[in-house]
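Structure file entry.cif (mmCIF, C-alpha atoms) follows.
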data_input
#
loop_
_atom_site.label_atom_id
_atom_site.label_comp_id
_atom_site.auth_asym_id
_atom_site.auth_seq_id
_atom_site.Cartn_x
_atom_site.Cartn_y
_atom_site.Cartn_z
CA MET A 27 85.49 84.80 112.01
CA PRO A 28 83.98 83.47 108.74
CA HIS A 29 86.34 82.17 106.11
CA SER A 30 87.20 84.52 103.28
CA PRO A 31 85.24 83.83 100.10
CA GLY A 32 88.40 84.69 98.12
CA ARG A 33 91.43 82.62 97.35
CA GLU A 34 92.17 79.80 99.77
CA PRO A 35 95.60 80.12 101.39
CA SER A 36 96.70 76.81 99.86
CA ALA A 37 96.21 78.10 96.31
CA PRO A 38 99.40 78.91 94.41
CA PRO A 39 100.04 82.61 93.91
CA PRO A 40 99.60 83.92 90.39
CA SER A 41 102.88 84.44 88.55
CA SER A 42 103.84 88.01 87.83
CA THR A 43 103.68 88.93 84.19
CA HIS A 44 106.35 91.07 82.66
CA ALA A 45 103.54 93.13 81.11
CA ASP A 46 102.69 94.34 84.62
CA HIS A 47 103.93 97.80 85.42
CA PRO A 48 106.66 97.61 88.06
CA HIS A 49 105.43 98.09 91.60
CA ASP A 50 106.18 101.36 93.33
CA LEU A 51 107.05 99.37 96.44
CA ILE A 52 107.65 95.73 97.30
CA THR A 53 108.24 94.92 100.95
CA MET A 54 109.52 91.60 102.25
CA GLY A 55 109.33 89.98 105.67
CA ARG A 56 107.15 89.77 108.73
CA ILE A 57 103.40 89.32 108.46
CA GLY A 58 100.77 88.25 110.97
CA VAL A 59 97.74 89.21 112.96
CA ASP A 60 97.80 91.90 115.66
CA ILE A 61 95.45 91.31 118.59
CA TYR A 62 95.07 94.65 120.30
CA PRO A 63 93.16 95.34 123.52
CA LEU A 64 90.17 97.59 123.11
CA GLN A 65 90.61 98.56 126.77
CA THR A 66 93.72 100.64 127.31
CA GLY A 67 95.74 101.34 130.42
CA MET A 68 95.47 97.84 131.82
CA SER A 69 97.36 94.56 131.79
CA LEU A 70 96.35 91.77 129.42
CA ALA A 71 95.44 89.85 132.56
CA GLU A 72 92.51 92.25 132.99
CA VAL A 73 91.59 93.01 129.36
CA GLU A 74 88.38 91.34 128.15
CA THR A 75 87.85 92.73 124.64
CA PHE A 76 90.25 92.73 121.70
CA GLY A 77 90.36 93.77 118.07
CA LYS A 78 91.99 91.83 115.22
CA PHE A 79 94.18 93.69 112.70
CA LEU A 80 96.63 92.95 109.91
CA GLY A 81 100.16 93.21 111.26
CA GLY A 82 103.88 92.85 110.66
CA SER A 83 106.14 95.86 110.12
CA PRO A 84 106.95 95.51 106.39
CA THR A 85 103.32 94.60 105.75
CA ASN A 86 102.19 97.78 107.49
CA VAL A 87 104.68 99.80 105.43
CA ALA A 88 103.10 98.44 102.25
CA VAL A 89 99.63 99.33 103.55
CA ALA A 90 100.84 102.82 104.47
CA ALA A 91 102.22 103.37 100.96
CA ALA A 92 99.03 102.04 99.36
CA ARG A 93 96.97 104.48 101.44
CA LEU A 94 99.11 107.24 99.92
CA GLY A 95 98.27 106.07 96.41
CA ARG A 96 101.26 103.83 95.70
CA ARG A 97 101.18 100.41 94.03
CA ALA A 98 102.49 98.13 96.77
CA ALA A 99 103.03 94.41 97.29
CA VAL A 100 104.29 92.13 100.06
CA VAL A 101 106.56 89.08 99.85
CA SER A 102 105.87 86.86 102.86
CA ARG A 103 104.31 83.61 104.07
CA THR A 104 101.44 82.72 106.41
CA GLY A 105 100.09 79.56 107.93
CA ALA A 106 97.57 77.53 105.93
CA ASP A 107 94.86 78.49 108.39
CA PRO A 108 91.95 80.91 108.87
CA PHE A 109 94.29 83.69 110.02
CA GLY A 110 96.16 83.23 106.74
CA GLU A 111 92.87 83.66 104.89
CA TYR A 112 92.17 86.80 106.89
CA ILE A 113 95.57 88.24 105.94
CA HIS A 114 94.92 87.77 102.21
CA ARG A 115 91.51 89.39 102.50
CA ALA A 116 92.87 92.32 104.52
CA LEU A 117 95.72 92.92 102.07
CA ARG A 118 93.32 93.02 99.14
CA GLU A 119 90.98 95.36 101.01
CA PHE A 120 93.89 97.73 101.62
CA GLY A 121 94.83 97.58 97.93
CA VAL A 122 98.08 95.68 98.52
CA ASP A 123 99.12 92.97 96.04
CA ASP A 124 99.11 89.60 97.87
CA ARG A 125 100.32 87.35 95.03
CA TRP A 126 103.67 86.66 96.78
CA VAL A 127 102.15 85.79 100.17
CA THR A 128 102.10 81.99 100.21
CA PRO A 129 101.11 79.34 102.76
CA VAL A 130 103.28 77.10 104.93
CA ASP A 131 101.51 73.96 106.09
CA ALA A 132 103.87 73.27 109.00
CA TYR A 133 103.51 76.49 111.01
CA PRO A 134 100.60 78.64 112.20
CA THR A 135 100.12 82.25 111.21
CA PRO A 136 101.79 84.35 113.94
CA VAL A 137 99.80 86.54 116.28
CA THR A 138 101.05 89.47 118.33
CA PHE A 139 99.42 90.89 121.45
CA CYS A 140 100.21 94.26 122.96
CA GLU A 141 99.41 96.22 126.08
CA ILE A 142 98.60 99.91 125.74
CA PHE A 143 99.78 102.32 128.42
CA PRO A 144 99.88 105.75 126.77
CA PRO A 145 101.87 107.79 126.11
CA ASP A 146 105.04 105.69 125.91
CA ASP A 147 104.65 102.12 127.17
CA PHE A 148 103.39 99.52 124.68
CA PRO A 149 104.74 96.03 125.54
CA LEU A 150 104.57 93.46 122.75
CA TYR A 151 104.06 89.71 123.07
CA PHE A 152 105.01 87.75 119.94
CA TYR A 153 103.62 84.25 119.33
CA ARG A 154 105.90 82.96 116.55
CA ARG A 155 106.82 79.44 117.72
CA PRO A 156 107.95 76.88 116.76
CA LYS A 157 108.77 79.07 113.75
CA ALA A 158 107.03 81.88 111.94
CA PRO A 159 106.03 81.12 108.33
CA ASP A 160 107.54 84.43 107.21
CA LEU A 161 110.97 82.99 108.09
CA GLU A 162 110.33 80.20 105.57
CA ILE A 163 110.66 82.50 102.54
CA ASP A 164 112.95 80.62 100.14
CA ALA A 165 115.23 82.24 97.58
CA GLY A 166 114.18 79.76 94.91
CA GLU A 167 110.56 80.92 95.13
CA LEU A 168 111.21 84.64 94.74
CA ASP A 169 110.04 86.59 91.71
CA LEU A 170 113.43 88.22 91.29
CA THR A 171 112.37 90.08 88.15
CA ALA A 172 109.59 91.86 90.02
CA ILE A 173 111.90 92.58 92.97
CA ARG A 174 114.59 93.96 90.66
CA ASP A 175 112.12 96.13 88.74
CA ALA A 176 110.27 97.61 91.73
CA ARG A 177 110.95 101.31 92.20
CA ILE A 178 111.55 100.67 95.91
CA PHE A 179 112.37 97.39 97.64
CA TRP A 180 112.01 97.35 101.45
CA MET A 181 113.48 94.63 103.69
CA THR A 182 113.99 94.34 107.44
CA GLY A 183 116.45 93.11 110.02
CA THR A 184 113.99 90.47 111.20
CA GLY A 185 114.17 88.84 107.78
CA LEU A 186 117.89 88.24 108.39
CA CYS A 187 117.51 86.46 111.71
CA GLU A 188 117.10 82.87 110.48
CA GLU A 189 117.35 80.68 107.39
CA PRO A 190 115.97 80.31 104.78
CA SER A 191 114.65 83.87 105.10
CA ARG A 192 118.16 85.26 105.58
CA GLY A 193 119.43 83.75 102.34
CA ALA A 194 116.31 84.80 100.46
CA THR A 195 116.59 88.38 101.69
CA LEU A 196 120.26 88.59 100.75
CA ALA A 197 119.47 87.08 97.34
CA ALA A 198 116.81 89.72 96.77
CA LEU A 199 119.27 92.45 97.76
CA ALA A 200 121.95 91.08 95.44
CA THR A 201 119.46 90.98 92.58
CA ARG A 202 118.61 94.62 93.15
CA ALA A 203 122.32 95.55 92.93
CA LYS A 204 121.35 99.02 94.19
CA SER A 205 119.03 99.60 91.25
CA GLY A 206 116.26 101.98 92.17
CA THR A 207 115.88 102.53 95.90
CA THR A 208 116.59 99.69 98.31
CA VAL A 209 115.61 100.35 101.94
CA PHE A 210 117.01 98.43 104.89
CA ASP A 211 114.69 98.88 107.88
CA LEU A 212 117.08 97.95 110.69
CA ASP A 213 114.12 96.58 112.72
CA TRP A 214 115.96 95.07 115.68
CA ARG A 215 114.02 92.30 117.50
CA PRO A 216 116.61 90.39 119.56
CA MET A 217 114.08 87.75 120.67
CA PHE A 218 113.85 86.51 117.07
CA TRP A 219 117.54 85.68 116.78
CA PRO A 220 118.28 82.07 117.87
CA ASP A 221 121.63 82.98 119.41
CA GLU A 222 122.96 83.48 122.93
CA ASP A 223 124.43 86.84 121.88
CA PRO A 224 122.03 88.12 119.21
CA MET A 225 123.72 91.49 118.69
CA THR A 226 127.08 89.88 117.96
CA ALA A 227 125.38 87.43 115.58
CA ALA A 228 123.40 90.16 113.83
CA ARG A 229 126.09 92.76 113.21
CA PRO A 230 128.00 91.00 110.36
CA VAL A 231 124.73 90.06 108.66
CA TYR A 232 123.52 93.65 108.95
CA ALA A 233 126.86 94.81 107.52
CA GLU A 234 126.43 92.56 104.48
CA ALA A 235 122.89 93.80 103.89
CA LEU A 236 124.00 97.43 104.16
CA THR A 237 126.41 96.97 101.25
CA HIS A 238 123.36 96.34 99.01
CA ALA A 239 121.05 99.03 100.43
CA THR A 240 120.71 102.64 99.33
CA VAL A 241 118.67 103.78 102.37
CA ALA A 242 118.92 102.71 106.03
CA VAL A 243 116.21 103.55 108.56
CA GLY A 244 116.30 102.88 112.29
CA ASN A 245 116.00 104.17 115.82
CA LEU A 246 119.05 104.60 118.05
CA ASP A 247 118.93 101.03 119.39
CA GLU A 248 118.73 99.65 115.86
CA CYS A 249 121.49 101.91 114.58
CA GLN A 250 123.71 100.77 117.43
CA VAL A 251 123.23 97.13 116.39
CA ALA A 252 124.19 97.99 112.82
CA THR A 253 127.08 100.38 113.51
CA GLY A 254 128.32 99.93 117.08
CA VAL A 255 127.71 103.61 117.87
CA ARG A 256 124.72 105.36 119.37
CA GLU A 257 125.05 109.14 119.06
CA PRO A 258 122.67 110.17 116.23
CA GLU A 259 125.15 112.02 114.02
CA ALA A 260 127.72 109.27 114.45
CA CYS A 261 125.08 106.65 113.60
CA ALA A 262 124.13 108.43 110.39
CA LEU A 263 127.75 108.85 109.31
CA ALA A 264 128.52 105.21 110.11
CA LEU A 265 125.58 104.07 108.00
CA LEU A 266 126.82 106.18 105.09
CA ASP A 267 130.28 104.66 105.54
CA ALA A 268 128.65 101.21 105.44
CA GLY A 269 127.43 101.86 101.92
CA VAL A 270 124.03 103.56 101.91
CA GLU A 271 123.25 106.87 100.24
CA LEU A 272 120.66 108.05 102.79
CA ALA A 273 120.70 107.42 106.54
CA VAL A 274 117.52 108.11 108.53
CA VAL A 275 117.94 108.04 112.31
CA LYS A 276 114.74 108.20 114.37
CA GLN A 277 115.26 109.84 117.77
CA GLY A 278 111.83 109.49 119.38
CA PRO A 279 110.83 112.73 121.12
CA LYS A 280 113.79 114.52 119.48
CA GLY A 281 112.46 113.87 116.00
CA VAL A 282 114.40 112.49 113.05
CA LEU A 283 117.83 113.11 111.56
CA ALA A 284 118.46 112.37 107.88
CA LEU A 285 121.82 112.64 106.15
CA HIS A 286 122.43 112.05 102.44
CA ARG A 287 125.74 111.20 100.82
CA ASP A 288 125.37 114.31 98.62
CA GLY A 289 125.67 116.47 101.74
CA SER A 290 122.00 117.33 102.20
CA ARG A 291 120.66 117.13 105.72
CA ALA A 292 117.33 117.40 107.53
CA GLU A 293 116.66 117.41 111.26
CA VAL A 294 112.93 117.57 111.87
CA PRO A 295 111.09 117.67 115.22
CA PRO A 296 108.15 115.36 115.89
CA VAL A 297 104.58 116.46 115.30
CA PRO A 298 102.85 116.80 118.68
CA VAL A 299 99.74 114.64 119.11
CA GLU A 300 97.97 112.90 121.95
CA VAL A 301 99.43 109.40 121.78
CA VAL A 302 97.02 106.47 121.93
CA ASN A 303 99.27 103.67 120.63
CA GLY A 304 102.79 104.34 119.38
CA LEU A 305 103.38 100.91 117.86
CA GLY A 306 102.43 101.69 114.24
CA ALA A 307 104.03 105.10 113.98
CA GLY A 308 107.31 103.80 112.57
CA ASP A 309 105.54 101.84 109.83
CA ALA A 310 103.48 104.88 108.82
CA PHE A 311 106.73 106.84 108.77
CA GLY A 312 108.19 104.19 106.46
CA GLY A 313 105.31 104.25 104.01
CA ALA A 314 105.40 108.04 103.85
CA LEU A 315 109.18 107.99 103.47
CA CYS A 316 108.74 105.78 100.40
CA HIS A 317 106.03 108.10 99.10
CA GLY A 318 108.34 111.11 99.40
CA LEU A 319 111.26 109.31 97.77
CA LEU A 320 109.06 108.23 94.87
CA ALA A 321 107.75 111.77 94.47
CA GLY A 322 111.27 113.20 94.33
CA TRP A 323 110.71 115.55 97.26
CA ASP A 324 113.62 117.20 99.00
CA LEU A 325 114.85 115.66 102.22
CA GLU A 326 113.17 118.03 104.67
CA ARG A 327 109.76 117.79 103.00
CA THR A 328 110.00 114.02 102.97
CA MET A 329 110.92 113.85 106.66
CA ARG A 330 108.16 116.26 107.68
CA HIS A 331 105.60 114.26 105.74
CA ALA A 332 106.84 110.99 107.27
CA ASN A 333 106.81 112.43 110.79
CA ALA A 334 103.24 113.64 110.32
CA ALA A 335 102.09 110.24 109.03
CA GLY A 336 103.68 108.58 112.07
CA ALA A 337 102.04 111.06 114.43
CA ILE A 338 98.59 110.35 112.97
CA VAL A 339 98.95 106.63 113.56
CA ALA A 340 100.30 107.19 117.07
CA SER A 341 97.06 109.05 117.81
CA ARG A 342 94.99 105.99 116.81
CA LEU A 343 94.57 102.51 118.26
CA ALA A 344 95.48 100.22 115.38
CA CYS A 345 98.42 100.03 112.96
CA SER A 346 97.45 98.88 109.47
CA SER A 347 93.90 100.23 109.47
CA ALA A 348 95.12 103.50 111.01
CA MET A 349 97.44 104.42 108.13
CA PRO A 350 96.59 107.94 106.90
CA THR A 351 95.67 109.21 103.48
CA GLU A 352 97.58 112.00 101.76
CA ALA A 353 94.79 114.44 102.62
CA GLU A 354 95.03 113.60 106.33
CA VAL A 355 98.79 114.15 106.36
CA VAL A 356 98.50 117.44 104.52
CA GLU A 357 95.77 118.59 106.91
CA LEU A 358 97.91 117.84 109.97
CA LEU A 359 100.92 119.63 108.49
CA GLY A 360 98.69 122.56 107.63
CA ARG A 361 97.84 123.02 111.29
CA GLY A 362 101.47 124.00 111.87
#
Mind converting the file's structure to structure tokens?
Amino acid sequence: MPHSPGREPSAPPPSSTHADHPHDLITMGRIGVDIYPLQTGMSLAEVETFGKFLGGSPTNVAVAAARLGRRAAVVSRTGADPFGEYIHRALREFGVDDRWVTPVDAYPTPVTFCEIFPPDDFPLYFYRRPKAPDLEIDAGELDLTAIRDARIFWMTGTGLCEEPSRGATLAALATRAKSGTTVFDLDWRPMFWPDEDPMTAARPVYAEALTHATVAVGNLDECQVATGVREPEACALALLDAGVELAVVKQGPKGVLALHRDGSRAEVPPVPVEVVNGLGAGDAFGGALCHGLLAGWDLERTMRHANAAGAIVASRLACSSAMPTEAEVVELLGRG
């Protein structure tokens, strides 16, 4: 892959200027390169051709929001290597602000492989050792003014798994002080937690983060880590009790349940599609969720829009490059 003619990864990021309009969305956390097989239905041991894509859940959420017309940025770190260069180029091509994506000399940019066995088996293989650069985000390097002023700030459970990223994420949350909308994507990846009992280690950290968040989003496994319960309604109520205003519980083939502290509720079934790769659906859902919150839509409209965005990406191979436009989402919803 030729080197990007743009900014070298070792160049310092430009400082934000207070004259900038606040971002619609700033996400913080995991970033990397997804290596996806172009041959589906077979083990990586047999696959011979692969495609390279921008990856990392909060990064994909920013891309999804940008595709829907929102001004989005990512706070993260890459290796000082060609994959880091590729990430900067891809972010700019997607219209995502990359000024707060900075290099780490000591660690390589992470890569993630997957296997694709539609409709519901998509094993992931993370290469993030000895440590992923995105876990080297330091609180002292954050543009806290930009984070505070963003209309939505989105962080993830993975960002809490190890220092200094944990401290930086909590510092960003404290700076927000529930101003605007602060989304905690519960994003449970037990293999990233350097503990013998990762769930026990994670729960108090999740509890602290929830006190700063206004929205929590997760599937049943992730909600169980955060709350200790698993039944969808109980999960949503427990998340509200933990401090958020809106709890969004993703139930897979049963759709999504959303409860708001004001008493509003939406329970929306999934949009049926032929699944090609389900891995990016949750990130598309997240970007569309942010879009709906920014637009001031009611809860049911927001959930239907987010479900449709997720379904579109599930029907495609990639994640970041598969994120839909507003017109594509509207078209799918219009089909009934």
Of the residues A:Phe143, A:Pro156, A:Val100, A:Pro136, which is the one nearest to Leu168 (chain A), using all atoms listed in the file?
-> A:Val100
So, counting only C-alpha atoms, which residue among A:Cys187, A:Ala273, A:Met68, A:Ala344 is closest to Pro144 (chain A)?
->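 The shortest atom-to-atom distance to Pro144 (chain A) comes from A:Met68.
Nearest to Phe120 (chain A) of all the residues A:Leu283, A:Ala235, A:Ala91, A:Val297 is A:Ala91, based on only C-alpha atoms.
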Sorted by chain and rising residue number, list the residues of region 209-254 of chain A at most 12 Å from region 189-193 of chain A (counting only C-alpha atoms), each with its closest atom pair and distance in Å to one decimal, as CSV.
residue,atom,partner,partner_atom,distance
A:Phe218,CA,A:Glu189,CA,11.8
A:Trp219,CA,A:Glu189,CA,10.6
A:Pro220,CA,A:Glu189,CA,10.6
A:Ala228,CA,A:Arg192,CA,10.9
A:Val231,CA,A:Arg192,CA,8.7
A:Tyr232,CA,A:Arg192,CA,10.5
A:Glu234,CA,A:Arg192,CA,11.1
A:Ala235,CA,A:Arg192,CA,9.9
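The residues returned by the PyMOL selection byres ((chain A and resi 350) around 7) on the shown structure are Arg93, Ala335, Ile338, Ala348, Met349, Thr351, Glu352, Glu354 and Val355 of chain A.
Between CA of Val270 (chain A) and CA of Trp180 (chain A) the separation is 13.5 Å.
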Expanded to explicit residues, what is the PyMOL selection byres ((chain A and resi 103-112) around 6) for this file, as a list in words?
->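 Expected selection for the PyMOL selection byres ((chain A and resi 103-112) around 6) here is Ser30, Pro35, Ser102, Ile113, His114, Arg115, Val127, Thr128, Pro129, Val130, Asp131, Tyr133, Pro134, Thr135, Pro159 and Asp160 of chain A.
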Given the file above and the PyMOL selection byres ((chain A and resi 236-240) around 6), which residues are selected, and can you give them as a ChimeraX atom specification?
-> /A:199,204,207-209,233-235,241,269-271
A:Lys276, A:Arg256, A:Arg361, A:Arg118: which is nearest Met329 (chain A), counting all atoms listed in the file?
->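 Of A:Lys276, A:Arg256, A:Arg361, A:Arg118, the one nearest Met329 (chain A), counting all atoms listed in the file, is A:Lys276.
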If we count only C-alpha atoms and set the cut-off at 12 Å, which residues sit around Ile173 (chain A), ignoring sequence neighbours fewer than 5 positions away in its own chain? Please answer as a short mmCIF file (atom, residue, chain, number, x, y, z; two decimals) with C-alpha atoms, keeping the file's coordinate frame.
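Okay, this is what ended up in part-v5.cif:
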data_model
loop_
_atom_site.label_atom_id
_atom_site.label_comp_id
_atom_site.auth_asym_id
_atom_site.auth_seq_id
_atom_site.Cartn_x
_atom_site.Cartn_y
_atom_site.Cartn_z
CA SER A 42 103.84 88.01 87.83
CA HIS A 44 106.35 91.07 82.66
CA PRO A 48 106.66 97.61 88.06
CA HIS A 49 105.43 98.09 91.60
CA ASP A 50 106.18 101.36 93.33
CA LEU A 51 107.05 99.37 96.44
CA ILE A 52 107.65 95.73 97.30
CA THR A 53 108.24 94.92 100.95
CA MET A 54 109.52 91.60 102.25
CA ALA A 98 102.49 98.13 96.77
CA ALA A 99 103.03 94.41 97.29
CA VAL A 100 104.29 92.13 100.06
CA VAL A 101 106.56 89.08 99.85
CA TRP A 126 103.67 86.66 96.78
CA ALA A 165 115.23 82.24 97.58
CA GLU A 167 110.56 80.92 95.13
CA LEU A 168 111.21 84.64 94.74
CA ILE A 178 111.55 100.67 95.91
CA PHE A 179 112.37 97.39 97.64
CA TRP A 180 112.01 97.35 101.45
CA MET A 181 113.48 94.63 103.69
CA ALA A 194 116.31 84.80 100.46
CA THR A 195 116.59 88.38 101.69
CA ALA A 197 119.47 87.08 97.34
CA ALA A 198 116.81 89.72 96.77
CA LEU A 199 119.27 92.45 97.76
CA ALA A 200 121.95 91.08 95.44
CA THR A 201 119.46 90.98 92.58
CA ARG A 202 118.61 94.62 93.15
CA ALA A 203 122.32 95.55 92.93
CA LYS A 204 121.35 99.02 94.19
CA SER A 205 119.03 99.60 91.25
CA GLY A 206 116.26 101.98 92.17
CA THR A 207 115.88 102.53 95.90
CA THR A 208 116.59 99.69 98.31
#
Nearest candidate to Gly289 (chain A) (options A:Leu305, A:Leu325, A:Leu358, A:Ala268; using all atoms listed in the file) |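 Once distances to Gly289 (chain A) are computed over all atoms listed in the file, the minimum belongs to A:Leu325.
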Would you work out the distance separating CA of Arg97 (chain A) from CA of Glu357 (chain A), expressed in Å to one decimal?
->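 So the answer is 22.9 Å.
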CA of Phe139 (chain A) to CA of Ser69 (chain A), distance in Å rounded to a single decimal |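 Interatomic distance, CA of Phe139 (chain A) to CA of Ser69 (chain A): 11.2 Å.
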